[in-house]
There are 2 protein chains.
Amino acid sequence: MTHPSVIRPADHATYAANKMGKVTLFESPRLLVGLNAFEPGQEHALHAHAGQDKVYHVLEGDGLFLLDGQELRMTAGDLLVAPEGVPHGVRNNGHGRLLVLAVLAPAPAPAHA
Amino acid sequence: MTHPSVIRPADHATYAANKMGKVTLFESPRLLVGLNAFEPGQEHALHAHAGQDKVYHVLEGDGLFLLDGQELRMTAGDLLVAPEGVPHGVRNNGHGRLLVLAVLAPAPAPAHA
């Protein structure tokens, strides 16, 4: 792994024209720290993780977070936990970019070839 | 556990006159999300966690973060990962309050009576 140092998350944000941008800031078997970057109109469809908790922390902008049947308006600084098995998603239905820190514990298992 | 909802971390900060204030925002076997709140001059002494990664995210103020022999100045928005086994600590050597989101994965084992 890279040597630990101070991370300014917004410096690592990657936006993509066709879908949510994803960046990994740190990963171990225990933990994945990443960024989800949404252009206006982009979304991360409702999904759930068996055996993994996710923390969303809004860094820039605002958007609609889906959690277990709720639609929650979140803005910069807000935090939301999707405990394991609870369906969640994100929809940037605003006019600006939405940048979200996403922490998953434990990290997803490596994909098998 | 409580029903999932939007958390504004700063609303939950607890400062204490005699030592760092600690609050738990979410806890499961996989993950602990909490706040460390430092008055000027307070610190969290250097320590390490075997088998647990910690993420520090500065929410308000600035301070000195100790990581594996380094002293890193961090300010609001900055993020730092202390991987398992790596000694880390925090020192609020400034003039204002320092509020830090701390994520531990997996969560500490429950204390035994």
# chains A, B, ... in the order shown; residues from 1 in each chain; ligands from 1
>>> interface_residues(of="chain B", to="chain A", cutoff="8 Å", atoms="only C-alpha atoms", output="short mmCIF file (atom, residue, chain, number, x, y, z; two decimals) with N, CA and C atoms, in the first residue's frame")
data_model
loop_
_atom_site.label_atom_id
_atom_site.label_comp_id
_atom_site.auth_asym_id
_atom_site.auth_seq_id
_atom_site.Cartn_x
_atom_site.Cartn_y
_atom_site.Cartn_z
N PRO B 4 -32.21 4.04 10.86
CA PRO B 4 -31.25 4.86 10.12
C PRO B 4 -31.86 6.20 9.72
N SER B 5 -31.10 7.24 9.88
CA SER B 5 -31.55 8.55 9.44
C SER B 5 -30.34 9.44 9.22
N VAL B 6 -30.59 10.63 8.68
CA VAL B 6 -29.51 11.56 8.38
C VAL B 6 -28.88 12.07 9.69
N ILE B 7 -27.58 12.03 9.74
CA ILE B 7 -26.83 12.49 10.91
C ILE B 7 -26.06 13.75 10.52
N ARG B 8 -26.22 14.80 11.31
CA ARG B 8 -25.31 15.96 11.17
C ARG B 8 -24.31 15.83 12.30
N PRO B 9 -23.09 15.36 11.97
CA PRO B 9 -22.16 14.98 13.05
C PRO B 9 -21.94 16.08 14.09
N PHE B 26 -22.57 5.40 15.34
CA PHE B 26 -23.08 4.12 14.83
C PHE B 26 -22.09 3.04 15.22
N ARG B 30 -18.92 -4.71 12.61
CA ARG B 30 -18.04 -4.42 11.47
C ARG B 30 -17.43 -3.03 11.51
N LEU B 31 -18.06 -2.13 12.25
CA LEU B 31 -17.80 -0.71 12.03
C LEU B 31 -18.19 0.10 13.26
N GLN B 52 -7.28 -3.53 13.38
CA GLN B 52 -8.33 -2.55 13.07
C GLN B 52 -7.72 -1.38 12.31
N ASP B 53 -8.38 -0.96 11.25
CA ASP B 53 -8.00 0.27 10.55
C ASP B 53 -8.83 1.42 11.10
N LEU B 67 1.34 10.05 13.16
CA LEU B 67 1.15 8.78 12.46
C LEU B 67 2.51 8.19 12.15
N LEU B 72 1.59 15.42 11.29
CA LEU B 72 0.88 15.93 10.11
C LEU B 72 -0.13 16.98 10.53
N MET B 74 -3.39 18.87 10.03
CA MET B 74 -4.63 18.59 9.29
C MET B 74 -5.66 19.66 9.63
N GLY B 77 -11.81 18.99 6.52
CA GLY B 77 -11.90 18.35 5.21
C GLY B 77 -10.83 17.31 4.98
N ASP B 78 -9.73 17.39 5.72
CA ASP B 78 -8.63 16.44 5.51
C ASP B 78 -8.95 15.07 6.12
N LEU B 79 -8.38 14.06 5.48
CA LEU B 79 -8.64 12.68 5.86
C LEU B 79 -7.31 11.95 6.01
N LEU B 80 -7.25 11.05 6.97
CA LEU B 80 -6.02 10.29 7.21
C LEU B 80 -6.41 8.87 7.60
N VAL B 81 -5.69 7.89 7.10
CA VAL B 81 -5.95 6.50 7.47
C VAL B 81 -4.78 6.00 8.31
N ALA B 82 -5.09 5.43 9.46
CA ALA B 82 -4.10 4.73 10.27
C ALA B 82 -4.37 3.24 10.11
N ALA B 105 -12.68 0.01 11.78
CA ALA B 105 -13.20 -1.23 11.18
C ALA B 105 -12.19 -2.34 11.40
N PRO B 106 -12.59 -3.48 11.96
CA PRO B 106 -13.90 -3.69 12.59
C PRO B 106 -14.00 -2.92 13.89
#
>>> calpha_fit_and_write(fixed="chain B", moving="chain A", output="compact mmCIF listing (two decimals) with C-alpha atoms, in the first residue's frame")
# COMPACT_ATOMS: atom_id res chain seq x y z
CA MET A 1 -30.19 -0.12 16.79
CA THR A 2 -31.86 3.18 16.05
CA HIS A 3 -33.65 3.58 12.78
CA PRO A 4 -31.27 4.88 10.12
CA SER A 5 -31.58 8.57 9.43
CA VAL A 6 -29.51 11.56 8.39
CA ILE A 7 -26.84 12.50 10.90
CA ARG A 8 -25.32 15.96 11.15
CA PRO A 9 -22.16 14.99 13.04
CA ALA A 10 -21.43 18.39 14.58
CA ASP A 11 -24.84 18.35 16.31
CA HIS A 12 -23.66 15.37 18.36
CA ALA A 13 -20.24 16.67 19.41
CA THR A 14 -19.55 16.47 23.13
CA TYR A 15 -16.63 18.41 24.53
CA ALA A 16 -15.28 17.78 28.01
CA ALA A 17 -13.16 20.03 30.17
CA ASN A 18 -10.74 17.37 31.38
CA LYS A 19 -10.12 15.18 28.31
CA MET A 20 -11.10 14.45 24.72
CA GLY A 21 -14.86 14.01 24.32
CA LYS A 22 -16.03 10.78 22.67
CA VAL A 23 -19.39 10.02 21.07
CA THR A 24 -20.52 6.95 19.13
CA LEU A 25 -22.73 7.71 16.11
CA PHE A 26 -23.08 4.13 14.83
CA GLU A 27 -21.73 0.78 15.93
CA SER A 28 -21.94 -2.75 14.59
CA PRO A 29 -19.47 -5.65 14.79
CA ARG A 30 -18.04 -4.42 11.47
CA LEU A 31 -17.80 -0.71 12.04
CA LEU A 32 -17.69 2.03 14.63
CA VAL A 33 -18.39 5.63 13.58
CA GLY A 34 -17.67 8.17 16.29
CA LEU A 35 -16.59 11.69 17.11
CA ASN A 36 -13.45 12.79 18.91
CA ALA A 37 -13.83 16.34 20.24
CA PHE A 38 -10.78 18.25 21.45
CA GLU A 39 -10.68 21.49 23.36
CA PRO A 40 -7.49 23.51 22.79
CA GLY A 41 -4.58 21.71 24.44
CA GLN A 42 -6.27 18.31 24.60
CA GLU A 43 -4.81 15.26 22.94
CA HIS A 44 -5.34 11.58 22.26
CA ALA A 45 -2.05 9.91 23.08
CA LEU A 46 -0.22 7.76 20.56
CA HIS A 47 -1.71 4.27 20.40
CA ALA A 48 -2.30 1.46 17.91
CA HIS A 49 -5.05 -1.04 17.17
CA ALA A 50 -4.13 -4.61 16.24
CA GLY A 51 -6.35 -5.79 13.40
CA GLN A 52 -8.33 -2.56 13.08
CA ASP A 53 -8.00 0.26 10.56
CA LYS A 54 -8.94 3.78 11.58
CA VAL A 55 -10.01 6.70 9.38
CA TYR A 56 -9.75 10.23 10.73
CA HIS A 57 -11.74 12.93 8.98
CA VAL A 58 -11.39 16.48 10.31
CA LEU A 59 -14.80 18.14 10.51
CA GLU A 60 -13.99 21.41 12.31
CA GLY A 61 -10.80 23.19 13.30
CA ASP A 62 -7.29 21.93 12.80
CA GLY A 63 -4.67 20.02 14.73
CA LEU A 64 -1.58 17.89 14.68
CA PHE A 65 -2.00 14.22 13.81
CA LEU A 66 0.69 11.75 14.74
CA LEU A 67 1.14 8.78 12.47
CA ASP A 68 4.01 6.36 12.56
CA GLY A 69 6.64 8.92 13.48
CA GLN A 70 5.19 11.69 11.34
CA GLU A 71 3.51 14.87 12.61
CA LEU A 72 0.87 15.92 10.12
CA ARG A 73 -1.00 19.23 10.22
CA MET A 74 -4.63 18.58 9.29
CA THR A 75 -7.51 20.97 8.81
CA ALA A 76 -11.25 20.69 8.13
CA GLY A 77 -11.91 18.34 5.22
CA ASP A 78 -8.63 16.43 5.50
CA LEU A 79 -8.64 12.68 5.87
CA LEU A 80 -6.02 10.29 7.21
CA VAL A 81 -5.94 6.51 7.47
CA ALA A 82 -4.10 4.73 10.28
CA PRO A 83 -3.88 1.13 9.06
CA GLU A 84 -3.94 -1.64 11.65
CA GLY A 85 -0.90 -1.69 13.90
CA VAL A 86 0.32 1.79 12.92
CA PRO A 87 0.69 4.08 15.95
CA HIS A 88 -1.42 7.23 15.75
CA GLY A 89 -2.62 10.07 17.93
CA VAL A 90 -4.05 13.58 17.82
CA ARG A 91 -2.97 16.83 19.48
CA ASN A 92 -5.04 19.99 19.39
CA ASN A 93 -2.23 22.49 19.64
CA GLY A 94 -4.29 25.33 18.19
CA HIS A 95 -6.56 27.94 19.75
CA GLY A 96 -9.95 26.60 18.65
CA ARG A 97 -11.89 23.39 19.05
CA LEU A 98 -11.03 20.40 16.89
CA LEU A 99 -13.75 17.96 15.85
CA VAL A 100 -12.77 14.70 14.17
CA LEU A 101 -14.89 11.90 12.72
CA ALA A 102 -13.22 8.60 13.59
CA VAL A 103 -14.18 5.36 11.82
CA LEU A 104 -12.85 2.04 13.12
CA ALA A 105 -13.20 -1.22 11.19
CA PRO A 106 -13.90 -3.68 12.58
CA ALA A 107 -15.40 -2.19 15.75
CA PRO A 108 -13.59 -2.82 19.03
CA ALA A 109 -14.67 -5.99 20.78
CA PRO A 110 -17.12 -5.36 23.64
CA ALA A 111 -15.36 -4.87 26.95
CA HIS A 112 -15.56 -7.92 29.23
CA ALA A 113 -16.80 -7.43 32.76
>>> select_by_dssp(residues="chain B", states="helix (DSSP H, G or I)", output="compact mmCIF listing (two decimals) with N, CA and C atoms, in the first residue's frame")
# COMPACT_ATOMS: atom_id res chain seq x y z
N PRO B 9 -23.09 15.36 11.97
CA PRO B 9 -22.16 14.98 13.05
C PRO B 9 -21.94 16.08 14.09
N ALA B 10 -21.77 17.32 13.63
CA ALA B 10 -21.43 18.39 14.59
C ALA B 10 -22.51 18.58 15.66
N ASP B 11 -23.76 18.21 15.33
CA ASP B 11 -24.83 18.35 16.31
C ASP B 11 -24.65 17.41 17.49
N HIS B 12 -23.82 16.39 17.32
CA HIS B 12 -23.65 15.37 18.36
C HIS B 12 -22.35 15.53 19.13
